[in-house]
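Trainee: Okay, so here is start_37.txt, and as you'll see once you scroll down, it has compact mmCIF, C-alpha atoms and all ligand atoms.
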```txt
# COMPACT_ATOMS: atom_id res chain seq x y z
CA MET A 28 106.76 82.89 136.73
CA PRO A 29 110.50 82.14 136.88
CA ASP A 30 112.69 83.97 139.41
CA GLY A 31 115.60 85.88 138.01
CA THR A 32 118.23 88.53 138.63
CA ILE A 33 118.36 91.88 136.87
CA ILE A 34 121.79 92.20 135.34
CA LYS A 35 121.32 95.44 133.45
CA GLY A 36 118.81 98.21 132.86
CA ILE A 37 118.75 100.51 129.85
CA GLY A 38 116.06 103.00 128.87
CA GLY A 39 113.18 101.26 130.59
CA PHE A 40 114.27 97.75 129.63
CA TYR A 41 115.68 95.35 132.15
CA TYR A 42 117.75 92.33 131.24
CA VAL A 43 116.86 89.49 133.56
CA LYS A 44 118.83 86.29 133.90
CA ALA A 45 116.42 83.46 134.62
CA ASP A 46 116.68 79.72 133.93
CA GLU A 47 120.10 80.25 132.33
CA LYS A 48 118.58 82.60 129.77
CA ILE A 49 118.41 86.38 129.50
CA TYR A 50 115.01 87.99 129.00
CA GLU A 51 114.44 91.56 127.93
CA CYS A 52 111.77 92.79 130.28
CA LYS A 53 109.65 95.79 130.94
CA ALA A 54 108.45 96.55 134.43
CA ARG A 55 104.84 97.43 133.77
CA GLY A 56 102.83 97.88 136.91
CA ILE A 57 105.77 97.58 139.31
CA PHE A 58 106.24 101.32 139.76
CA ARG A 59 102.60 101.86 140.59
CA LYS A 60 102.34 98.88 142.86
CA ASP A 61 105.56 99.05 144.86
CA ALA A 62 106.82 102.57 144.10
CA VAL A 63 110.30 101.21 143.50
CA THR A 64 112.56 101.43 140.51
CA PRO A 65 114.18 98.12 139.60
CA LEU A 66 117.95 98.00 140.04
CA SER A 67 120.65 95.72 138.74
CA GLY A 68 121.09 93.02 141.35
CA ASP A 69 117.39 92.85 142.18
CA SER A 70 115.84 89.43 142.46
CA VAL A 71 112.60 89.51 140.51
CA LYS A 72 109.67 87.41 139.43
CA ILE A 73 108.98 87.65 135.75
CA SER A 74 106.37 86.34 133.36
CA VAL A 75 107.57 85.29 129.94
CA ILE A 76 105.72 87.04 127.14
CA ASN A 77 107.56 85.53 124.20
CA GLU A 78 109.91 82.61 124.82
CA GLU A 79 111.36 82.65 121.33
CA LYS A 80 112.23 86.34 121.40
CA LYS A 81 113.10 86.15 125.11
CA LEU A 82 110.71 88.91 126.10
CA GLY A 83 109.14 89.19 129.51
CA ASN A 84 107.67 91.42 132.15
CA ILE A 85 108.86 92.00 135.70
CA ASP A 86 105.91 91.32 137.98
CA GLU A 87 107.54 91.64 141.36
CA ILE A 88 110.77 92.81 142.96
CA LEU A 89 111.76 90.61 145.88
CA THR A 90 112.95 92.25 149.08
CA ARG A 91 116.37 93.85 148.75
CA SER A 92 118.93 92.95 151.35
CA ILE A 93 121.09 95.93 150.50
CA GLU A 94 120.93 98.90 148.20
CA LEU A 95 124.06 100.79 147.24
CA VAL A 96 123.81 104.29 145.86
CA ARG A 97 127.09 104.84 144.04
CA PRO A 98 126.88 102.70 141.94
CA ALA A 99 123.14 102.10 142.15
CA VAL A 100 122.85 98.37 142.61
CA ALA A 101 120.94 95.98 144.85
CA ASN A 102 121.93 92.92 146.86
CA VAL A 103 125.70 93.28 146.74
CA ASN A 104 127.07 90.90 149.36
CA GLN A 105 130.79 91.45 148.97
CA ILE A 106 132.95 94.50 148.50
CA VAL A 107 136.55 94.41 147.32
CA ILE A 108 138.27 97.54 148.56
CA VAL A 109 141.26 98.27 146.37
CA ILE A 110 144.22 100.30 147.53
CA ALA A 111 147.50 100.82 145.70
CA ILE A 112 150.70 100.35 147.63
CA LYS A 113 152.07 103.37 145.72
CA SER A 114 150.83 105.98 143.23
CA PRO A 115 148.54 106.97 144.69
CA GLN A 116 149.60 106.60 148.32
CA PRO A 117 146.97 104.52 150.12
CA ASP A 118 144.18 106.50 151.75
CA MET A 119 143.94 104.50 154.96
CA ALA A 120 141.07 106.58 156.35
CA LEU A 121 138.99 105.80 153.27
CA LEU A 122 139.88 102.11 153.62
CA ASP A 123 138.78 102.05 157.27
CA LYS A 124 135.58 103.97 156.53
CA LEU A 125 134.64 101.51 153.81
CA LEU A 126 135.40 98.57 156.12
CA ILE A 127 133.22 100.09 158.83
CA THR A 128 130.37 100.64 156.41
CA ALA A 129 130.64 97.12 155.04
CA GLY A 130 130.42 95.87 158.62
CA LEU A 131 127.40 98.05 159.28
CA LYS A 132 125.61 96.77 156.20
CA ASP A 133 126.71 93.20 156.74
CA ILE A 134 128.62 92.99 153.46
CA ASP A 135 131.76 90.81 153.34
CA ALA A 136 134.83 92.97 152.84
CA VAL A 137 138.07 91.95 151.16
CA ILE A 138 141.10 94.23 150.93
CA CYS A 139 143.01 94.13 147.67
CA ILE A 140 146.47 95.68 147.80
CA ASN A 141 147.28 96.39 144.16
CA LYS A 142 150.38 97.59 142.28
CA ILE A 143 152.70 95.43 144.33
CA ASP A 144 155.02 95.43 141.30
CA LEU A 145 155.91 99.01 142.29
CA ASP A 146 156.88 98.04 145.80
CA ASP A 147 160.54 97.05 145.96
CA GLU A 148 160.65 97.28 149.74
CA ASN A 149 157.71 94.94 150.34
CA GLU A 150 155.85 97.66 152.21
CA PHE A 151 152.65 95.79 151.48
CA ASP A 152 153.68 93.25 154.12
CA LYS A 153 153.07 95.78 156.88
CA ILE A 154 149.56 96.76 155.76
CA SER A 155 148.71 93.18 154.94
CA GLU A 156 149.75 92.04 158.41
CA ILE A 157 147.84 94.80 160.23
CA TYR A 158 144.60 94.04 158.44
CA SER A 159 144.92 90.25 158.43
CA LYS A 160 145.55 90.39 162.14
CA ALA A 161 142.50 92.61 162.57
CA GLY A 162 140.45 89.84 160.95
CA TYR A 163 140.12 90.87 157.31
CA LYS A 164 140.89 88.92 154.20
CA VAL A 165 143.74 90.56 152.31
CA ILE A 166 144.95 89.76 148.83
CA LEU A 167 147.98 91.16 147.03
CA THR A 168 147.70 91.88 143.33
CA SER A 169 149.44 93.47 140.41
CA SER A 170 147.57 94.10 137.21
CA LYS A 171 150.94 94.50 135.55
CA THR A 172 152.07 90.95 136.29
CA ASN A 173 148.65 89.38 137.04
CA HIS A 174 150.01 88.39 140.43
CA GLY A 175 147.22 87.41 142.81
CA PHE A 176 144.47 87.29 140.21
CA GLU A 177 143.78 83.63 140.88
CA ASP A 178 143.11 84.47 144.54
CA LEU A 179 140.94 87.35 143.47
CA LEU A 180 138.85 85.27 141.06
CA LYS A 181 138.40 82.63 143.73
CA ILE A 182 136.85 85.05 146.20
CA LEU A 183 134.40 86.31 143.58
CA GLU A 184 132.79 82.89 143.10
CA GLY A 185 129.15 82.73 144.07
CA LYS A 186 128.92 86.33 145.30
CA ILE A 187 127.70 89.67 143.98
CA THR A 188 130.82 91.80 144.35
CA ALA A 189 131.38 95.53 143.98
CA PHE A 190 134.82 97.13 143.70
CA ALA A 191 135.56 100.27 145.63
CA GLY A 192 138.46 102.53 146.44
CA GLN A 193 140.12 105.84 145.64
CA SER A 194 140.68 106.79 142.06
CA GLY A 195 143.82 105.63 140.28
CA VAL A 196 144.36 102.48 142.34
CA GLY A 197 143.57 100.13 139.44
CA LYS A 198 139.91 99.21 139.83
CA SER A 199 139.05 99.60 136.14
CA THR A 200 142.15 97.69 135.09
CA ILE A 201 141.22 94.82 137.38
CA LEU A 202 137.59 94.86 136.26
CA ASN A 203 138.63 94.86 132.62
CA PHE A 204 140.79 91.82 133.23
CA ILE A 205 137.93 89.99 134.94
CA THR A 206 135.51 91.01 132.23
CA GLN A 207 137.74 89.87 129.44
CA SER A 208 138.86 86.59 130.93
CA MET A 209 136.09 85.41 133.21
CA ALA A 210 132.78 86.79 131.97
CA MET A 211 130.13 84.49 130.55
CA GLN A 212 129.75 85.09 126.87
CA THR A 213 126.03 85.29 126.28
CA GLY A 214 126.32 87.56 123.28
CA GLU A 215 123.24 89.47 124.32
CA VAL A 216 124.71 91.98 126.66
CA SER A 217 127.65 94.09 125.65
CA ARG A 218 130.58 93.29 127.89
CA LYS A 219 132.74 96.23 127.13
CA LEU A 220 133.21 98.70 129.92
CA GLU A 221 132.16 102.15 128.83
CA ARG A 222 134.21 104.19 131.19
CA GLY A 223 133.13 107.75 131.66
CA LYS A 224 131.05 107.91 128.50
CA HIS A 225 127.74 108.48 130.14
CA THR A 226 127.15 110.44 133.25
CA THR A 227 124.11 108.50 134.37
CA ARG A 228 124.77 104.90 133.64
CA HIS A 229 123.07 102.10 135.40
CA ALA A 230 125.46 99.64 136.90
CA GLU A 231 125.59 96.31 135.17
CA LEU A 232 126.24 92.90 136.67
CA ILE A 233 128.79 90.85 134.83
CA GLU A 234 128.23 87.16 135.24
CA LEU A 235 131.33 85.08 135.85
CA LYS A 236 132.03 81.65 134.41
CA ASN A 237 132.55 80.13 137.82
CA GLY A 238 129.34 81.60 139.19
CA GLY A 239 128.83 84.95 140.80
CA TYR A 240 128.64 88.48 139.49
CA VAL A 241 130.76 91.59 139.62
CA VAL A 242 129.35 95.09 139.37
CA ASP A 243 130.94 96.74 136.34
CA THR A 244 131.03 100.23 137.82
CA PRO A 245 133.46 100.81 140.67
CA GLY A 246 132.34 103.12 143.43
CA PHE A 247 133.18 105.05 146.56
CA SER A 248 136.30 106.92 145.57
CA SER A 249 135.55 109.14 148.53
CA TYR A 250 133.24 108.42 151.35
CA GLU A 251 131.88 109.83 154.60
CA LEU A 252 130.72 107.85 157.56
CA ASP A 253 127.32 109.25 158.27
CA GLU A 254 125.17 106.24 158.95
CA VAL A 255 127.17 105.04 161.95
CA GLU A 256 126.32 106.08 165.51
CA PHE A 257 129.51 107.15 167.31
CA ASP A 258 128.80 104.85 170.24
CA HIS A 259 128.43 101.88 167.88
CA LEU A 260 131.66 102.54 166.03
CA GLU A 261 133.59 100.06 168.20
CA LEU A 262 131.42 97.22 166.85
CA TYR A 263 132.92 97.62 163.38
CA TYR A 264 136.49 97.00 164.49
CA PRO A 265 136.81 93.21 164.47
CA GLU A 266 140.09 93.41 166.42
CA PHE A 267 138.26 95.16 169.29
CA SER A 268 135.67 92.44 169.76
CA ASN A 269 137.61 90.31 172.26
CA TYR A 270 138.13 93.29 174.57
CA LEU A 271 134.85 95.17 174.46
CA ASN A 272 133.28 93.60 177.53
CA LYS A 273 136.49 93.86 179.53
CA CYS A 274 136.65 97.61 180.00
CA ARG A 275 135.83 98.93 183.48
CA PHE A 276 132.92 101.00 182.20
CA THR A 277 130.33 99.49 179.90
CA TRP A 278 129.99 102.86 178.17
CA CYS A 279 133.75 103.14 177.64
CA SER A 280 134.68 105.05 174.49
CA HIS A 281 138.23 103.65 174.73
CA ILE A 282 139.67 107.12 174.49
CA SER A 283 140.15 108.64 177.93
CA GLU A 284 138.53 106.28 180.43
CA PRO A 285 140.61 104.41 183.03
CA GLU A 286 141.05 100.62 182.95
CA CYS A 287 140.21 100.32 179.30
CA ALA A 288 140.92 96.91 177.78
CA ILE A 289 141.27 98.35 174.29
CA LYS A 290 143.98 100.77 175.41
CA GLU A 291 145.70 97.94 177.22
CA ALA A 292 145.68 95.86 174.04
CA LEU A 293 147.02 98.90 172.22
CA GLY A 294 149.86 99.14 174.71
CA ASN A 295 150.68 95.46 174.20
CA GLY A 296 150.72 95.91 170.45
CA ASP A 297 147.70 93.62 170.01
CA ILE A 298 145.76 96.46 168.41
CA ASP A 299 147.44 98.53 165.73
CA LYS A 300 148.17 102.13 166.68
CA SER A 301 147.30 103.66 163.30
CA ARG A 302 143.94 101.85 163.16
CA TYR A 303 143.23 103.00 166.74
CA ASP A 304 144.20 106.61 165.99
CA ARG A 305 141.76 106.69 163.09
CA TYR A 306 139.09 105.18 165.34
CA VAL A 307 139.58 108.09 167.75
CA GLN A 308 139.35 110.56 164.87
CA PHE A 309 136.14 109.00 163.48
CA TYR A 310 134.61 108.77 166.96
CA THR A 311 135.36 112.40 167.68
CA ASP A 312 134.03 113.57 164.32
CA LEU A 313 130.85 111.50 164.52
CA LYS A 314 130.17 112.65 168.06
CA SER A 315 130.66 116.33 167.32
CA ASN A 316 128.55 116.06 164.15
CA LYS A 317 125.76 114.57 166.19
CA GLU A 318 126.00 117.25 168.88
CA TYR A 319 126.03 119.89 166.18
CA ARG A 320 122.94 118.41 164.54
CA SER A 321 121.00 118.20 167.80
CA LYS A 322 121.89 121.82 168.67
CA ASP A 323 120.77 122.85 165.22
CA ALA A 324 117.48 121.03 165.73
CA LYS A 325 116.90 122.84 169.02
CA VAL A 326 117.52 126.23 167.43
CA LYS A 327 114.96 125.49 164.74
CA LYS A 328 112.21 124.64 167.22
P1 LIG B 401 140.91 103.31 138.84
O1 LIG B 401 140.79 104.78 138.86
O2 LIG B 401 140.94 102.75 140.22
O3 LIG B 401 139.89 102.63 137.98
O4 LIG B 401 142.37 102.98 138.23
P2 LIG B 401 142.78 102.51 136.76
O5 LIG B 401 142.42 101.10 136.52
O6 LIG B 401 142.28 103.51 135.77
O7 LIG B 401 144.38 102.58 136.86
C1 LIG B 401 145.09 103.79 137.09
C2 LIG B 401 146.49 103.64 136.53
O8 LIG B 401 147.24 102.68 137.25
C3 LIG B 401 146.51 103.18 135.08
O9 LIG B 401 147.52 103.90 134.40
C4 LIG B 401 146.87 101.71 135.16
O10 LIG B 401 147.55 101.25 134.03
C5 LIG B 401 147.77 101.69 136.38
N1 LIG B 401 147.76 100.39 137.07
C6 LIG B 401 146.67 99.65 137.41
N2 LIG B 401 147.05 98.54 138.08
C7 LIG B 401 148.40 98.57 138.16
C8 LIG B 401 149.37 97.70 138.75
O11 LIG B 401 149.07 96.64 139.34
N3 LIG B 401 150.68 98.09 138.66
C9 LIG B 401 151.06 99.23 138.04
N4 LIG B 401 152.35 99.52 137.99
N5 LIG B 401 150.16 100.07 137.47
C10 LIG B 401 148.85 99.75 137.53
ZN ZN B 402 137.53 100.84 176.76
```
Show me the file's structure as structure tokens.
Ligand code: GDP
Ligand code: ZN
Mentor:
Amino acid sequence: MPDGTIIKGIGGFYYVKADEKIYECKARGIFRKDAVTPLSGDSVKISVINEEKKLGNIDEILTRSIELVRPAVANVNQIVIVIAIKSPQPDMALLDKLLITAGLKDIDAVICINKIDLDDENEFDKISEIYSKAGYKVILTSSKTNHGFEDLLKILEGKITAFAGQSGVGKSTILNFITQSMAMQTGEVSRKLERGKHTTRHAELIELKNGGYVVDTPGFSSYELDEVEFDHLELYYPEFSNYLNKCRFTWCSHISEPECAIKEALGNGDIDKSRYDRYVQFYTDLKSNKEYRSKDAKVKK
């Protein structure tokens, strides 16, 4: 029973990479036993039915660390959030929401600032500095000039990475480049991206020559924070972490309380004002959503 990774699922068949080979598997019994549907990214135990034809059966799905919904994929441990420096203008709220969610789910986050070829004024420096200082890894790319692609490929090594970000920023272009230049050529699984052809496609993992996988379907072009508790929001701002236990009140929301270490750091310029302003916005929205929901629940009783 070799262990493997599901790299693709089509019409009830799952393609499982195990022992450097790809087996076409069914998942007989799994649905009944575990009531789960296998996903790309799942670690599985398979039994080989026919070694020559590379046929097998999935006997067990190992515990998932993480399950993403859009795209549907399991065990992603890195997310590359792509923004464009221009056309479209970067959606900084979406960027921060995705960073917060990655933090919540314990997924490594990397920010990719793309289309730097369009930026004559080096505006990317400002964003890059804010986020590097906050503690994130930032890379600068252009799919026009291939600038930064070496850095990008390096961070993909050994991880299962999904690309995310608003539409038009260059995710598909970047993924196509990776697919064409860095994918393993096994010949068994079609490597061509089929953008927009099917409405319900399963995500596929593309295996990279230097180890690691990328998810072929980018996700999260818009996103709402709904899994985060408003009073935990502060935990997902790495630049806050040095100050959190220094506020006068342990329950400080860092918005209107006196002797707040976060606001002090903001005043000193140690915390970026635009990041802080969005924190206040998210906090306020999450809190009022929660109050609204609990009122609603009371009315229903
Ligand atoms: P997606 O919606 O995020 O998948 O974005 P696409 O990959 O479809 O790219 C949107 C448009 O931006 C396309 O016309 C690309 O050719 C263009 N594009 C992508 N990357 C770059 C870049 O680095 N520089 C420039 N100038 N254009 C780019
Ligand atoms: Zn505070």
Trainee: In Å, with one decimal, what is the gap from CA of Gly39 in chain A to CA of Asn102 in chain A?
Mentor: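 Computing the Euclidean distance for CA of Gly39 in chain A and CA of Asn102 in chain A yields 20.3 Å.
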Trainee: Which protein, DNA or RNA residues have an atom at most 10 Å from (117.0, 94.5, 141.3), counting only C-alpha atoms? List them as a list of chain:residue names.
Mentor: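 Result, sorted by chain then residue number: A:Gly31, A:Thr32, A:Ile33, A:Ile34, A:Lys35, A:Gly36, A:Tyr41, A:Val43, A:Val63, A:Thr64, A:Pro65, A:Leu66, A:Ser67, A:Gly68, A:Asp69, A:Ser70, A:Val71, A:Glu87, A:Ile88, A:Leu89, A:Thr90, A:Arg91, A:Glu94, A:Ala99, A:Val100, A:Ala101, A:Asn102.
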Trainee: Box in all listed atoms of ligand LIG 401 (chain B), axis-aligned, with 6 Å more on each side; write out centre and edge lengths in Å to one decimal as JSON.
Mentor:
```
{"center_x": 146.1, "center_y": 100.7, "center_z": 137.1, "size_x": 24.5, "size_y": 20.1, "size_z": 18.2}
```
Trainee: Kindly provide, as a CSV table (one decimal) with C-alpha atoms, in the frame of the given file, all nucleotide and amino acid residues lying within 10 Å of ligand LIG 401 (chain B), counting all atoms listed in the file.
Mentor:
```csv
chain,number,residue,atom,x,y,z
A,109,VAL,CA,141.3,98.3,146.4
A,110,ILE,CA,144.2,100.3,147.5
A,111,ALA,CA,147.5,100.8,145.7
A,112,ILE,CA,150.7,100.4,147.6
A,113,LYS,CA,152.1,103.4,145.7
A,114,SER,CA,150.8,106.0,143.2
A,115,PRO,CA,148.5,107.0,144.7
A,140,ILE,CA,146.5,95.7,147.8
A,141,ASN,CA,147.3,96.4,144.2
A,142,LYS,CA,150.4,97.6,142.3
A,143,ILE,CA,152.7,95.4,144.3
A,144,ASP,CA,155.0,95.4,141.3
A,145,LEU,CA,155.9,99.0,142.3
A,146,ASP,CA,156.9,98.0,145.8
A,167,LEU,CA,148.0,91.2,147.0
A,168,THR,CA,147.7,91.9,143.3
A,169,SER,CA,149.4,93.5,140.4
A,170,SER,CA,147.6,94.1,137.2
A,171,LYS,CA,150.9,94.5,135.6
A,172,THR,CA,152.1,91.0,136.3
A,173,ASN,CA,148.6,89.4,137.0
A,174,HIS,CA,150.0,88.4,140.4
A,190,PHE,CA,134.8,97.1,143.7
A,191,ALA,CA,135.6,100.3,145.6
A,192,GLY,CA,138.5,102.5,146.4
A,193,GLN,CA,140.1,105.8,145.6
A,194,SER,CA,140.7,106.8,142.1
A,195,GLY,CA,143.8,105.6,140.3
A,196,VAL,CA,144.4,102.5,142.3
A,197,GLY,CA,143.6,100.1,139.4
A,198,LYS,CA,139.9,99.2,139.8
A,199,SER,CA,139.0,99.6,136.1
A,200,THR,CA,142.2,97.7,135.1
A,201,ILE,CA,141.2,94.8,137.4
A,202,LEU,CA,137.6,94.9,136.3
A,203,ASN,CA,138.6,94.9,132.6
A,204,PHE,CA,140.8,91.8,133.2
A,222,ARG,CA,134.2,104.2,131.2
A,244,THR,CA,131.0,100.2,137.8
A,245,PRO,CA,133.5,100.8,140.7
A,246,GLY,CA,132.3,103.1,143.4
A,248,SER,CA,136.3,106.9,145.6
```
Trainee: Kindly assemble as a tab-separated table a list of the chain A residues that lie within 8 Å of ligand ZN 402 (chain B), each paired with its nearest atom pair and their distance in Å to one decimal, using only C-alpha atoms and all ligand atoms, sorted first by chain and then by ascending residue number.
Mentor:
```
residue	atom	partner	partner_atom	distance
A:Tyr270	CA	B:ZN402	ZN	7.9
A:Leu271	CA	B:ZN402	ZN	6.7
A:Lys273	CA	B:ZN402	ZN	7.6
A:Cys274	CA	B:ZN402	ZN	4.7
A:Arg275	CA	B:ZN402	ZN	7.2
A:Phe276	CA	B:ZN402	ZN	7.1
A:Thr277	CA	B:ZN402	ZN	8.0
A:Trp278	CA	B:ZN402	ZN	7.9
A:Cys279	CA	B:ZN402	ZN	4.5
A:Ser280	CA	B:ZN402	ZN	5.6
A:His281	CA	B:ZN402	ZN	3.5
A:Ile282	CA	B:ZN402	ZN	7.0
A:Glu284	CA	B:ZN402	ZN	6.6
A:Pro285	CA	B:ZN402	ZN	7.8
A:Glu286	CA	B:ZN402	ZN	7.1
A:Cys287	CA	B:ZN402	ZN	3.7
A:Ala288	CA	B:ZN402	ZN	5.3
A:Ile289	CA	B:ZN402	ZN	5.1
A:Lys290	CA	B:ZN402	ZN	6.6
```
Trainee: If we draw a sphere of 10 Å around (110.1, 79.6, 138.8), which residues have at least one atom in it when counting only C-alpha atoms? Please report them as a list in words.
Mentor: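 Residues found, by chain and rising number: Met28, Pro29, Asp30, Gly31, Ala45, Asp46, Lys72, Ile73 and Ser74 of chain A.
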Trainee: Could you check which of A:Tyr250, A:Asn149, A:Asn316, A:Asp304 is closest to Leu121 in chain A, using only C-alpha atoms?
Mentor: A:Tyr250
Trainee: Could you work out how far CA of Met119 in chain A lies from CA of Leu252 in chain A, giving the answer in Å with one decimal?
Mentor: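 CA of Leu252 in chain A sits 13.9 Å away from CA of Met119 in chain A.
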Trainee: Rank nothing, just name the residue among A:Arg55, A:Leu313, A:Phe151, A:Lys44 nearest to Met211 in chain A, using only C-alpha atoms.
Mentor: A:Lys44
Trainee: What's the separation between CA of Ala189 in chain A and CA of Leu95 in chain A, in Å to one decimal place?
Mentor: 9.6 Å
Trainee: So, counting all atoms listed in the file, which residue among A:Phe247, A:Tyr319, A:Tyr50, A:Tyr163 is closest to Tyr263 in chain A?
Mentor: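 Going through A:Phe247, A:Tyr319, A:Tyr50, A:Tyr163 one by one, the smallest distance to Tyr263 in chain A is for A:Tyr163.
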Trainee: Of the candidates A:Arg97, A:Lys300, A:His259, A:Arg320, which shows the shortest atom-to-atom distance to His229 in chain A, using only C-alpha atoms?
Mentor: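 The shortest atom-to-atom distance to His229 in chain A comes from A:Arg97.
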